[in-house]
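Read through the structure below, which is laid out as structure tokens, and then see the notes.
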Amino acid sequence: MVVVRTILSDLVAEQQSLDQYLQKIPVRDWSTPTAVEGWDIRDTVSHLAHFEELAAQTVLGEPPPAAYFDAFGDLVWEGIQRGRDIRPQDVIEWWRKGRATLIEPLSEMSASQRTPWFNGTVPAKNVAANRLTETWAYGLDIYEAVGEEYEDTTRIRHICELGWVTLPSQYEDHGEQYHPIRVEVIGPQYYKWVYGDEDSPHCIKGSASEWARLAVHRLGPSETTLECSTEYAEQALEMVSIY
């Protein structure tokens with residue numbers, strides 16, 4: 001049994017695409033600042049490597065570090081510090097090792113099979129979607145840092161779906177009642193992806209690229225051209241957050 005083949009293969013493709021791009025960045029440019037305050041390109045890849053490693057350990061049954069719950073910032077900083085002490089190519093190798101260690105157990109699971117995760121257990125599909133989202137979002141930061149445009153692929157459909165899937169929990173976290181919301185977006189190659197009840201009066205329509213970037217805080221609601229059918233749907237633009 002395997003995780004839905006498309007999402008696992010898309011995860012690997014997204015990681016390999018970023019990996020190949022990193023090979024083109026001169027070592028001297030790894031200190032270029034990114035949009036994340038205090039981080040440069042090396043820090044960004046170190047963060048990906050660190051959390052790929054932690055994700056693999058968690059899926060394989062090791063208890064998550066206490067800092068994940070009690071001092072998350074310290075856990076993030078731990079990965080950044082480790083990366084600053086090694087060469088850029090070694091940071092890439094660290095990331096590759098973590099990716100491979102996680103992909104192996106995921107490839108043997110069904111989409112709905114639950115696996116240990118930091119906050120309990122989740123379907124294996126969700127783990128793959130989470131790692132794809134992280135890779136894509138931080139990849140955007142790296143491309144932006146070197147002044148190049150990232151060309152979206154149909155892989156962002158997983159990020160768009162995760163943005164919609166996490167809406168109920170975001171409303172709950174804000175103490176608000178959630179009503180079904182429908183999301184209809186157009187992606188690369190004019191693919192149309194639809195999430196939610198077709199009978200819902202609350203609908204968001206527009207660009208898949210904008211919806212995905214909104215969900216990972218790379219765009220603000222006022223920076224998108226997304227159209228909302230109701231005020232409640234407009235509120236969802238403020239609520240959506242995969243993190």
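Each chain of the structure tokens is named A, B, ... in the order shown, its residues numbered from 1; ligands are numbered from 1 in display order.
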**Item:** All residues 12 Å or closer to A:Ala208, only C-alpha atoms, same chain fewer than 6 positions away omitted, as a ChimeraX atom specification
**Value:** /A:152-161,163-164,183-195,214-215,224-226
Write the selection just made, keeping N, CA, C and O atoms, as a short mmCIF file (atom, residue, chain, number, x, y, z; two decimals), in the first residue's frame?
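This is the output file part_36.cif:
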```
data_model
loop_
_atom_site.label_atom_id
_atom_site.label_comp_id
_atom_site.auth_asym_id
_atom_site.auth_seq_id
_atom_site.Cartn_x
_atom_site.Cartn_y
_atom_site.Cartn_z
N ASP A 152 4.96 28.39 -10.72
CA ASP A 152 4.12 27.38 -10.07
C ASP A 152 3.85 26.20 -10.99
O ASP A 152 3.81 26.33 -12.22
N THR A 153 3.63 25.06 -10.37
CA THR A 153 3.25 23.84 -11.08
C THR A 153 1.93 23.34 -10.51
O THR A 153 1.41 23.89 -9.53
N THR A 154 1.40 22.29 -11.10
CA THR A 154 0.14 21.73 -10.60
C THR A 154 0.31 21.11 -9.22
O THR A 154 -0.68 20.74 -8.59
N ARG A 155 1.55 21.05 -8.72
CA ARG A 155 1.76 20.51 -7.37
C ARG A 155 1.11 21.38 -6.30
O ARG A 155 0.85 20.90 -5.18
N ILE A 156 0.83 22.63 -6.63
CA ILE A 156 0.24 23.51 -5.60
C ILE A 156 -1.19 23.11 -5.26
O ILE A 156 -1.75 23.62 -4.28
N ARG A 157 -1.78 22.19 -6.03
CA ARG A 157 -3.15 21.78 -5.69
C ARG A 157 -3.22 21.18 -4.30
O ARG A 157 -4.24 21.30 -3.60
N HIS A 158 -2.15 20.52 -3.88
CA HIS A 158 -2.14 19.92 -2.54
C HIS A 158 -2.12 21.01 -1.47
O HIS A 158 -2.73 20.86 -0.41
N ILE A 159 -1.45 22.10 -1.75
CA ILE A 159 -1.37 23.21 -0.80
C ILE A 159 -2.72 23.93 -0.75
O ILE A 159 -3.20 24.30 0.32
N CYS A 160 -3.33 24.09 -1.91
CA CYS A 160 -4.67 24.70 -1.96
C CYS A 160 -5.67 23.88 -1.15
O CYS A 160 -6.47 24.43 -0.38
N GLU A 161 -5.61 22.57 -1.31
CA GLU A 161 -6.53 21.70 -0.57
C GLU A 161 -6.28 21.78 0.93
O GLU A 161 -7.21 21.85 1.73
N GLY A 163 -5.05 24.24 2.58
CA GLY A 163 -5.57 25.51 3.06
C GLY A 163 -7.04 25.45 3.36
O GLY A 163 -7.51 25.98 4.38
N TRP A 164 -7.79 24.78 2.49
CA TRP A 164 -9.23 24.62 2.71
C TRP A 164 -9.51 23.66 3.87
O TRP A 164 -10.35 23.94 4.73
N VAL A 183 -14.22 26.56 -2.03
CA VAL A 183 -13.09 27.23 -2.67
C VAL A 183 -12.96 26.71 -4.09
O VAL A 183 -12.86 25.49 -4.31
N GLU A 184 -12.97 27.61 -5.06
CA GLU A 184 -12.81 27.25 -6.47
C GLU A 184 -11.64 28.06 -7.03
O GLU A 184 -11.70 29.29 -7.08
N VAL A 185 -10.58 27.36 -7.42
CA VAL A 185 -9.39 28.07 -7.90
C VAL A 185 -8.91 27.51 -9.24
O VAL A 185 -9.11 26.33 -9.55
N ILE A 186 -8.25 28.37 -9.98
CA ILE A 186 -7.69 28.00 -11.27
C ILE A 186 -6.17 27.98 -11.13
O ILE A 186 -5.56 28.95 -10.69
N GLY A 187 -5.57 26.85 -11.50
CA GLY A 187 -4.14 26.68 -11.35
C GLY A 187 -3.39 26.71 -12.66
O GLY A 187 -3.96 27.05 -13.71
N PRO A 188 -2.12 26.35 -12.63
CA PRO A 188 -1.33 26.28 -13.86
C PRO A 188 -1.99 25.36 -14.88
O PRO A 188 -2.67 24.40 -14.52
N GLN A 189 -1.77 25.65 -16.15
CA GLN A 189 -2.35 24.89 -17.25
C GLN A 189 -3.89 24.92 -17.22
O GLN A 189 -4.55 24.06 -17.79
N TYR A 190 -4.43 25.93 -16.54
CA TYR A 190 -5.87 26.16 -16.46
C TYR A 190 -6.64 25.03 -15.78
O TYR A 190 -7.83 24.85 -16.01
N TYR A 191 -5.95 24.29 -14.92
CA TYR A 191 -6.65 23.29 -14.12
C TYR A 191 -7.56 24.00 -13.13
O TYR A 191 -7.19 25.03 -12.56
N LYS A 192 -8.73 23.43 -12.91
CA LYS A 192 -9.66 23.98 -11.93
C LYS A 192 -9.80 22.99 -10.78
O LYS A 192 -10.06 21.81 -11.00
N TRP A 193 -9.60 23.50 -9.58
CA TRP A 193 -9.71 22.67 -8.39
C TRP A 193 -10.80 23.24 -7.49
O TRP A 193 -10.83 24.45 -7.22
N VAL A 194 -11.68 22.36 -7.05
CA VAL A 194 -12.83 22.78 -6.26
C VAL A 194 -12.86 22.00 -4.95
O VAL A 194 -12.74 20.77 -4.95
N TYR A 195 -13.01 22.72 -3.85
CA TYR A 195 -13.07 22.09 -2.54
C TYR A 195 -14.31 22.61 -1.80
O TYR A 195 -14.55 23.81 -1.75
N LEU A 214 -1.60 32.77 0.12
CA LEU A 214 -2.34 33.32 1.25
C LEU A 214 -2.30 32.34 2.42
O LEU A 214 -2.12 32.73 3.58
N ALA A 215 -2.45 31.06 2.12
CA ALA A 215 -2.51 30.03 3.16
C ALA A 215 -1.19 29.84 3.88
O ALA A 215 -1.16 29.34 5.01
N THR A 224 -4.43 40.00 -2.79
CA THR A 224 -4.94 39.02 -3.73
C THR A 224 -6.10 39.60 -4.54
O THR A 224 -6.65 40.66 -4.20
N THR A 225 -6.46 38.90 -5.61
CA THR A 225 -7.64 39.27 -6.41
C THR A 225 -8.75 38.26 -6.20
O THR A 225 -9.68 38.18 -7.01
N LEU A 226 -8.66 37.48 -5.13
CA LEU A 226 -9.67 36.47 -4.84
C LEU A 226 -11.03 37.11 -4.61
O LEU A 226 -11.13 38.14 -3.94
#
```
Hey, which bits of stretch 199-238 of chain A sit within 12 Å of stretch 21-37 of chain A, and for each residue what's the closest pair of atoms and how far apart in Å (one decimal), counting only C-alpha atoms, rows by chain and increasing number, as CSV?
```
residue,atom,partner,partner_atom,distance
A:His217,CA,A:Val36,CA,11.0
A:Arg218,CA,A:Ala35,CA,9.1
A:Leu219,CA,A:Ala35,CA,11.8
```
Once you count only C-alpha atoms, what closest atom pair and distance in Å to one decimal does each residue of stretch 31-74 of chain A within 7 Å of stretch 100-124 of chain A have, with rows by chain and rising residue number, as CSV?
```
residue,atom,partner,partner_atom,distance
A:Ala55,CA,A:Leu102,CA,6.9
A:Ala56,CA,A:Leu102,CA,4.3
A:Thr58,CA,A:Trp117,CA,5.8
A:Val59,CA,A:Pro116,CA,5.1
A:Gly61,CA,A:Pro116,CA,6.3
A:Pro64,CA,A:Phe118,CA,5.9
```
Keeping N, CA, C and O atoms for every residue in the selection just given, could you write it to a file as a PDB file, in the first residue's frame?
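Here's the written file out27.pdb:
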```pdb
ATOM      1  N   ALA A  55      10.431  15.229  11.560  1.00  0.00           N
ATOM      2  CA  ALA A  55       9.230  14.566  11.034  1.00  0.00           C
ATOM      3  C   ALA A  55       9.484  13.076  10.849  1.00  0.00           C
ATOM      4  O   ALA A  55       8.640  12.238  11.204  1.00  0.00           O
ATOM      5  N   ALA A  56      10.646  12.729  10.315  1.00  0.00           N
ATOM      6  CA  ALA A  56      10.979  11.322  10.110  1.00  0.00           C
ATOM      7  C   ALA A  56      11.043  10.579  11.439  1.00  0.00           C
ATOM      8  O   ALA A  56      10.502   9.471  11.579  1.00  0.00           O
ATOM      9  N   THR A  58       9.534  11.316  14.192  1.00  0.00           N
ATOM     10  CA  THR A  58       8.190  11.218  14.774  1.00  0.00           C
ATOM     11  C   THR A  58       7.373  10.127  14.094  1.00  0.00           C
ATOM     12  O   THR A  58       6.726   9.312  14.759  1.00  0.00           O
ATOM     13  N   VAL A  59       7.408  10.091  12.767  1.00  0.00           N
ATOM     14  CA  VAL A  59       6.671   9.061  12.021  1.00  0.00           C
ATOM     15  C   VAL A  59       7.187   7.670  12.371  1.00  0.00           C
ATOM     16  O   VAL A  59       6.420   6.702  12.425  1.00  0.00           O
ATOM     17  N   GLY A  61       8.115   6.740  15.182  1.00  0.00           N
ATOM     18  CA  GLY A  61       7.704   6.371  16.531  1.00  0.00           C
ATOM     19  C   GLY A  61       8.484   6.977  17.661  1.00  0.00           C
ATOM     20  O   GLY A  61       8.193   6.712  18.833  1.00  0.00           O
ATOM     21  N   PRO A  64       8.187  13.183  20.089  1.00  0.00           N
ATOM     22  CA  PRO A  64       8.646  14.513  19.676  1.00  0.00           C
ATOM     23  C   PRO A  64       9.358  15.214  20.823  1.00  0.00           C
ATOM     24  O   PRO A  64       9.047  14.987  21.993  1.00  0.00           O
TER      25      PRO A  64
END
```
**Item:** Shell around stretch 71-77 of chain A at 12 Å using only C-alpha atoms, local window under 5 positions removed, as a ChimeraX atom specification
**Value:** /A:38-39,43-44,46-51,54,64-66,82-84,118
Generate a file of the selected residues that holds N, CA and C atoms, formatted as a PDB file, in the first residue's frame.
```
ATOM      1  N   GLY A  38      15.797  37.746  10.004  1.00  0.00           N
ATOM      2  CA  GLY A  38      16.965  37.143  10.624  1.00  0.00           C
ATOM      3  C   GLY A  38      17.488  35.906   9.926  1.00  0.00           C
ATOM      4  N   TRP A  39      16.797  35.465   8.871  1.00  0.00           N
ATOM      5  CA  TRP A  39      17.210  34.256   8.170  1.00  0.00           C
ATOM      6  C   TRP A  39      17.835  34.599   6.831  1.00  0.00           C
ATOM      7  N   ASP A  43      20.036  29.448   6.438  1.00  0.00           N
ATOM      8  CA  ASP A  43      19.115  29.208   7.557  1.00  0.00           C
ATOM      9  C   ASP A  43      17.832  28.536   7.075  1.00  0.00           C
ATOM     10  N   THR A  44      17.349  28.961   5.911  1.00  0.00           N
ATOM     11  CA  THR A  44      16.102  28.426   5.377  1.00  0.00           C
ATOM     12  C   THR A  44      16.237  26.940   5.060  1.00  0.00           C
ATOM     13  N   SER A  46      18.495  24.954   6.308  1.00  0.00           N
ATOM     14  CA  SER A  46      18.741  24.287   7.592  1.00  0.00           C
ATOM     15  C   SER A  46      17.420  23.987   8.296  1.00  0.00           C
ATOM     16  N   HIS A  47      16.497  24.938   8.234  1.00  0.00           N
ATOM     17  CA  HIS A  47      15.185  24.733   8.852  1.00  0.00           C
ATOM     18  C   HIS A  47      14.457  23.564   8.197  1.00  0.00           C
ATOM     19  N   LEU A  48      14.486  23.522   6.859  1.00  0.00           N
ATOM     20  CA  LEU A  48      13.855  22.404   6.153  1.00  0.00           C
ATOM     21  C   LEU A  48      14.501  21.081   6.562  1.00  0.00           C
ATOM     22  N   ALA A  49      15.824  21.057   6.616  1.00  0.00           N
ATOM     23  CA  ALA A  49      16.530  19.829   6.971  1.00  0.00           C
ATOM     24  C   ALA A  49      16.201  19.383   8.391  1.00  0.00           C
ATOM     25  N   HIS A  50      16.197  20.336   9.304  1.00  0.00           N
ATOM     26  CA  HIS A  50      15.941  20.029  10.718  1.00  0.00           C
ATOM     27  C   HIS A  50      14.551  19.442  10.909  1.00  0.00           C
ATOM     28  N   PHE A  51      13.547  20.047  10.275  1.00  0.00           N
ATOM     29  CA  PHE A  51      12.182  19.570  10.483  1.00  0.00           C
ATOM     30  C   PHE A  51      11.851  18.348   9.635  1.00  0.00           C
ATOM     31  N   LEU A  54      13.121  15.799  12.086  1.00  0.00           N
ATOM     32  CA  LEU A  54      12.183  15.634  13.199  1.00  0.00           C
ATOM     33  C   LEU A  54      10.915  14.904  12.755  1.00  0.00           C
ATOM     34  N   PRO A  64       8.187  13.183  20.089  1.00  0.00           N
ATOM     35  CA  PRO A  64       8.646  14.513  19.676  1.00  0.00           C
ATOM     36  C   PRO A  64       9.358  15.214  20.823  1.00  0.00           C
ATOM     37  N   PRO A  65      10.321  16.057  20.517  1.00  0.00           N
ATOM     38  CA  PRO A  65      11.026  16.785  21.580  1.00  0.00           C
ATOM     39  C   PRO A  65      10.068  17.683  22.343  1.00  0.00           C
ATOM     40  N   ALA A  66      10.296  17.794  23.651  1.00  0.00           N
ATOM     41  CA  ALA A  66       9.423  18.616  24.494  1.00  0.00           C
ATOM     42  C   ALA A  66       9.372  20.048  23.999  1.00  0.00           C
ATOM     43  N   ARG A  82      22.687  24.751  14.018  1.00  0.00           N
ATOM     44  CA  ARG A  82      23.401  23.587  13.478  1.00  0.00           C
ATOM     45  C   ARG A  82      23.840  23.863  12.041  1.00  0.00           C
ATOM     46  N   GLY A  83      22.954  24.471  11.256  1.00  0.00           N
ATOM     47  CA  GLY A  83      23.277  24.748   9.860  1.00  0.00           C
ATOM     48  C   GLY A  83      24.375  25.776   9.695  1.00  0.00           C
ATOM     49  N   ARG A  84      24.464  26.707  10.627  1.00  0.00           N
ATOM     50  CA  ARG A  84      25.471  27.768  10.520  1.00  0.00           C
ATOM     51  C   ARG A  84      26.882  27.262  10.807  1.00  0.00           C
ATOM     52  N   PHE A 118       3.386  15.079  15.623  1.00  0.00           N
ATOM     53  CA  PHE A 118       3.720  15.862  16.808  1.00  0.00           C
ATOM     54  C   PHE A 118       2.539  16.040  17.753  1.00  0.00           C
TER      55      PHE A 118
END
```
**Prompt:** Please, what distance in Å, to one decimal, runs between atom CA of A:Pro168 and atom CA of A:Cys203?
**Reply:**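 About the pair atom CA of A:Pro168 and atom CA of A:Cys203: they are 14.7 Å apart.
Counting only C-alpha atoms and comparing A:Ala128, A:Ile41, A:Leu167, A:Leu140, the residue that lies closest to A:Ile181 is A:Leu167.
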**Prompt:** How would you write, as a PyMOL selection string, the set of residues in stretch 39-108 of chain A that DSSP gives as helix (DSSP H, G or I)?
**Reply:** chain A and resi 41-59+67-70+72-84+88-106
**Close residues, A:Tyr171 itself excluded, 9 Å, only C-alpha atoms, min 4 positions apart in chain, as a PyMOL selection string** = chain A and resi 166-167+175-178+236+239-240
Selected residues written out with N, CA, C and O atoms, as an mmCIF file, in the first residue's frame:
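Saved the output as again_32.cif:
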```
data_model
loop_
_atom_site.group_PDB
_atom_site.id
_atom_site.type_symbol
_atom_site.label_atom_id
_atom_site.label_comp_id
_atom_site.auth_asym_id
_atom_site.auth_seq_id
_atom_site.Cartn_x
_atom_site.Cartn_y
_atom_site.Cartn_z
ATOM 1 N N THR A 166 -7.828 23.003 6.496
ATOM 2 C CA THR A 166 -7.503 23.523 7.829
ATOM 3 C C THR A 166 -8.380 24.695 8.254
ATOM 4 O O THR A 166 -8.254 25.180 9.382
ATOM 5 N N LEU A 167 -9.278 25.147 7.391
ATOM 6 C CA LEU A 167 -10.144 26.274 7.759
ATOM 7 C C LEU A 167 -10.953 26.028 9.039
ATOM 8 O O LEU A 167 -11.003 26.897 9.911
ATOM 9 N N GLY A 175 -12.083 31.008 18.129
ATOM 10 C CA GLY A 175 -13.331 31.056 18.877
ATOM 11 C C GLY A 175 -14.534 31.416 18.028
ATOM 12 O O GLY A 175 -15.539 31.938 18.539
ATOM 13 N N GLU A 176 -14.443 31.134 16.725
ATOM 14 C CA GLU A 176 -15.529 31.461 15.799
ATOM 15 C C GLU A 176 -16.196 30.187 15.295
ATOM 16 O O GLU A 176 -15.553 29.143 15.157
ATOM 17 N N GLN A 177 -17.498 30.293 15.011
ATOM 18 C CA GLN A 177 -18.218 29.157 14.452
ATOM 19 C C GLN A 177 -17.899 29.019 12.969
ATOM 20 O O GLN A 177 -17.862 30.006 12.234
ATOM 21 N N TYR A 178 -17.656 27.786 12.558
ATOM 22 C CA TYR A 178 -17.325 27.556 11.150
ATOM 23 C C TYR A 178 -18.561 27.101 10.380
ATOM 24 O O TYR A 178 -19.293 26.207 10.809
ATOM 25 N N ALA A 236 -12.836 34.426 5.792
ATOM 26 C CA ALA A 236 -11.966 33.253 5.630
ATOM 27 C C ALA A 236 -10.613 33.622 5.063
ATOM 28 O O ALA A 236 -9.617 32.946 5.330
ATOM 29 N N MET A 239 -8.639 34.205 7.958
ATOM 30 C CA MET A 239 -8.488 33.035 8.820
ATOM 31 C C MET A 239 -7.537 31.982 8.268
ATOM 32 O O MET A 239 -6.849 31.295 9.014
ATOM 33 N N VAL A 240 -7.524 31.824 6.935
ATOM 34 C CA VAL A 240 -6.803 30.693 6.348
ATOM 35 C C VAL A 240 -5.335 30.707 6.747
ATOM 36 O O VAL A 240 -4.652 31.730 6.688
#
```
**Request:** Determine which residues of stretch 73-212 of chain A receive a DSSP assignment of strand (DSSP E), computed from the backbone, and state them as a ChimeraX atom specification.
**Result:** /A:114-117,120-123,182-186,192-195,203-207
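For the pair atom CA of A:Glu14 and atom CA of A:Arg182, the separation is 26.7 Å.
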**Asked** Looking at A:Glu223, A:Ala13, A:His174, A:Asp40, which one is nearest to A:Glu144, with distances taken over only C-alpha atoms?
**Response** A:Asp40
**Item:** Length of the atom CA of A:Ser241 to atom CA of A:Glu52 vector [Å]
**Value:** 20.3 Å
**Request:** Could you check which of A:Leu18, A:Val91, A:Leu162, A:Val45 is closest to A:Ala129, using only C-alpha atoms?
**Result:** A:Leu162
**Prompt:** Quick one: of A:Glu231, A:Gly220, A:Glu172, A:Tyr150, who's nearest to A:Tyr138, counting only C-alpha atoms?
**Reply:**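 Smallest separation from A:Tyr138 among the options: A:Tyr150.
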**Prompt:** With distances taken over only C-alpha atoms, which of A:Gln57, A:Asn130, A:Ser222, A:Gln16 is nearest to A:Ile92?
**Reply:**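 Once distances to A:Ile92 are computed over only C-alpha atoms, the minimum belongs to A:Gln16.
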**Prompt:** So which one's closest to A:Ser207, A:Pro221, A:Ser169, A:Glu227, A:Lys97? Using only C-alpha atoms, please.
**Reply:** A:Glu227
